[in-house]
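Peer 1: One structure coming up, written as structure tokens, with questions to follow.
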Amino acid sequence: MKQIAISPDLSLSNISYGVWRWSEEQTARAQQELVECCLEVGIDTFDHADLYNDYRNEALFGALLKNDPRLRSSIKIVTKCGIQLLSRSRPETRVKHYDYSPAHLRYSVDRSLKCLHTDYIDVLLLHRPSPLLNPDELAATLTDLVSSGKVRHVGVSNFTPAQFSLLQSRLHIPLRTNQIELNLLHPQPLTDGQVDFLYERSIPPMIWSPLAGGRIFRADAPLQGLRRMAEERGLGLDVLALAWLLAHPASFIPVLGTNQPERIRAAATAARVHLDLQDWFILYRDALGCDVP
């Protein structure tokens, strides 16, 4: 699978695997098989967040690394922090909020390192922008985390171009990505400036919910062109929807969220699906719900 360079010393697989749907109901063997399946098809980038599965999924993944420490050198770990959920594990939290204070960022990174059984995080993302975000304070903390070696690179998630620029204006190290929502049922980033902003700066976007959380499979989804094209080509709707994203020249990195090995294998074939110009616009018409102007 193609690798996308997000810095001179780090590349991520063109498709990333997200562990947000993992849970304790899966066996450790099943989780190991999912990781092995990803690596088998060339997906070496694993997307985490401290809060997934009520703050438990980093530890589930970390158990695999503890059992096989050699695995760490074969993968790239992306994780996110900052959102504070109402949770039994966080009794001091009285309302869902965002915390980017120096103390909390350092706590979050140290906790992720411990849970994941690793010495470093490849890319740390700020999960969502906060209206109280202090860019000077945050920049200093992120710089310290990178200088310490605990974090190799930093980025953001769900930031607007203005919020991205504000933080970057205080940072002496580059923000390497912005993880944004984009799919055939949510194409707005293609025209609202989010993609253009990153593309102008040669920053590859990570794409969350590339299959609209599974909504592209629903019969009432307005994606008739996708269904016809998938049937004509003998492809799954998911493969074709991913191929549509991967055809964009801005080097999108979609994040998968499936727990089915066969879906992972199918998704990996999306990069080999050729969409000519009109094919792409047929699917874009689906996304817009009308012809382009």
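Chains: A, B, ... in order of the structure tokens. Residues: from 1 per chain. Ligands: from 1, in order shown.
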Distance table requested - segment 197-279 of chain A against segment 150-173 of chain A, cut-off 9 Å, only C-alpha atoms: one row per qualifying residue with the closest atom pair and its distance in Å to one decimal, ordered by chain and rising residue number, as a Markdown table.
Peer 2:
```
| residue | atom | partner | partner_atom | distance |
| --- | --- | --- | --- | --- |
| A:Phe197 | CA | A:Pro161 | CA | 6.4 |
| A:Leu198 | CA | A:Pro161 | CA | 8.1 |
| A:Met206 | CA | A:Ser157 | CA | 8.5 |
```
Peer 1: For segment 127-129 of chain A, find every residue with an atom within 10 Å (counting only C-alpha atoms), except residues of its own chain fewer than 2 positions away, and show them as a VMD selection string.
Peer 2: chain A and resid 49 to 51 79 to 83 97 to 100 124 to 125 131 to 133 155 to 160 163 to 164 178 to 179
Peer 1: Kindly export the residues of the current selection with C-alpha atoms, as a PDB file, in the first residue's frame.
Peer 2:
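Once everything was written out, this is again_37.pdb:
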```pdb
ATOM      1  CA  ALA A  49      -8.041   8.377  21.109  1.00  0.00           C
ATOM      2  CA  ASP A  50      -7.728   8.271  24.867  1.00  0.00           C
ATOM      3  CA  LEU A  51     -11.532   8.285  25.275  1.00  0.00           C
ATOM      4  CA  THR A  79      -3.729   9.103  19.210  1.00  0.00           C
ATOM      5  CA  LYS A  80      -5.945  11.998  20.254  1.00  0.00           C
ATOM      6  CA  CYS A  81      -6.611  13.760  23.528  1.00  0.00           C
ATOM      7  CA  GLY A  82      -8.453  16.726  24.999  1.00  0.00           C
ATOM      8  CA  ILE A  83     -12.109  15.662  25.205  1.00  0.00           C
ATOM      9  CA  HIS A  97     -15.647  19.645  28.088  1.00  0.00           C
ATOM     10  CA  TYR A  98     -12.200  20.095  26.547  1.00  0.00           C
ATOM     11  CA  ASP A  99      -8.984  20.370  28.541  1.00  0.00           C
ATOM     12  CA  TYR A 100      -5.727  21.469  26.917  1.00  0.00           C
ATOM     13  CA  LEU A 124      -0.508  13.283  18.827  1.00  0.00           C
ATOM     14  CA  LEU A 125      -3.707  15.048  17.752  1.00  0.00           C
ATOM     15  CA  PRO A 131     -13.223  27.950  22.790  1.00  0.00           C
ATOM     16  CA  LEU A 132     -10.826  28.459  25.717  1.00  0.00           C
ATOM     17  CA  LEU A 133      -7.765  27.147  23.887  1.00  0.00           C
ATOM     18  CA  GLY A 155      -1.522  17.698  14.639  1.00  0.00           C
ATOM     19  CA  VAL A 156      -5.178  18.487  15.210  1.00  0.00           C
ATOM     20  CA  SER A 157      -8.610  17.058  14.562  1.00  0.00           C
ATOM     21  CA  ASN A 158     -11.806  18.905  13.621  1.00  0.00           C
ATOM     22  CA  PHE A 159     -10.079  22.311  13.596  1.00  0.00           C
ATOM     23  CA  THR A 160     -11.245  24.999  11.186  1.00  0.00           C
ATOM     24  CA  GLN A 163      -8.179  27.580  14.390  1.00  0.00           C
ATOM     25  CA  PHE A 164      -5.377  25.634  12.702  1.00  0.00           C
ATOM     26  CA  ASN A 178      -5.943  17.764  10.538  1.00  0.00           C
ATOM     27  CA  GLN A 179      -8.317  14.828  10.936  1.00  0.00           C
TER      28      GLN A 179
END
```
Peer 1: Excluding same-chain residues fewer than 4 positions from Val273 of chain A, what lies within 10 Å of it counting only C-alpha atoms, as a PDB file with C-alpha atoms, in the first residue's frame?
Peer 2:
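Wrote it out as out.pdb, contents follow:
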```
ATOM      1  CA  ARG A 233     -17.897  -3.240 -11.477  1.00  0.00           C
ATOM      2  CA  LEU A 235     -17.303  -3.892  -6.107  1.00  0.00           C
ATOM      3  CA  VAL A 239     -14.522  -0.002  -1.734  1.00  0.00           C
ATOM      4  CA  LEU A 240     -15.938   2.430  -4.286  1.00  0.00           C
ATOM      5  CA  LEU A 242     -12.992   4.827  -0.467  1.00  0.00           C
ATOM      6  CA  ALA A 243     -11.694   4.874  -4.042  1.00  0.00           C
ATOM      7  CA  TRP A 244     -13.554   8.168  -4.545  1.00  0.00           C
ATOM      8  CA  LEU A 246      -8.309   8.208  -2.582  1.00  0.00           C
ATOM      9  CA  ALA A 247      -8.629   9.665  -6.093  1.00  0.00           C
ATOM     10  CA  THR A 269      -8.064  -2.816  -2.772  1.00  0.00           C
TER      11      THR A 269
END
```
Peer 1: Which of these residues is nearest to Val255 of chain A, using only C-alpha atoms: A:Glu40, A:Glu181, A:Asp9, A:Asp119?
Peer 2: A:Glu181
Peer 1: May I ask which of the residues A:Met1, A:Leu288, A:Ile264, A:Leu65 is the closest one to Cys37 of chain A, counting only C-alpha atoms?
Peer 2: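 Answer, going by the shortest atom-to-atom distance: A:Ile264.
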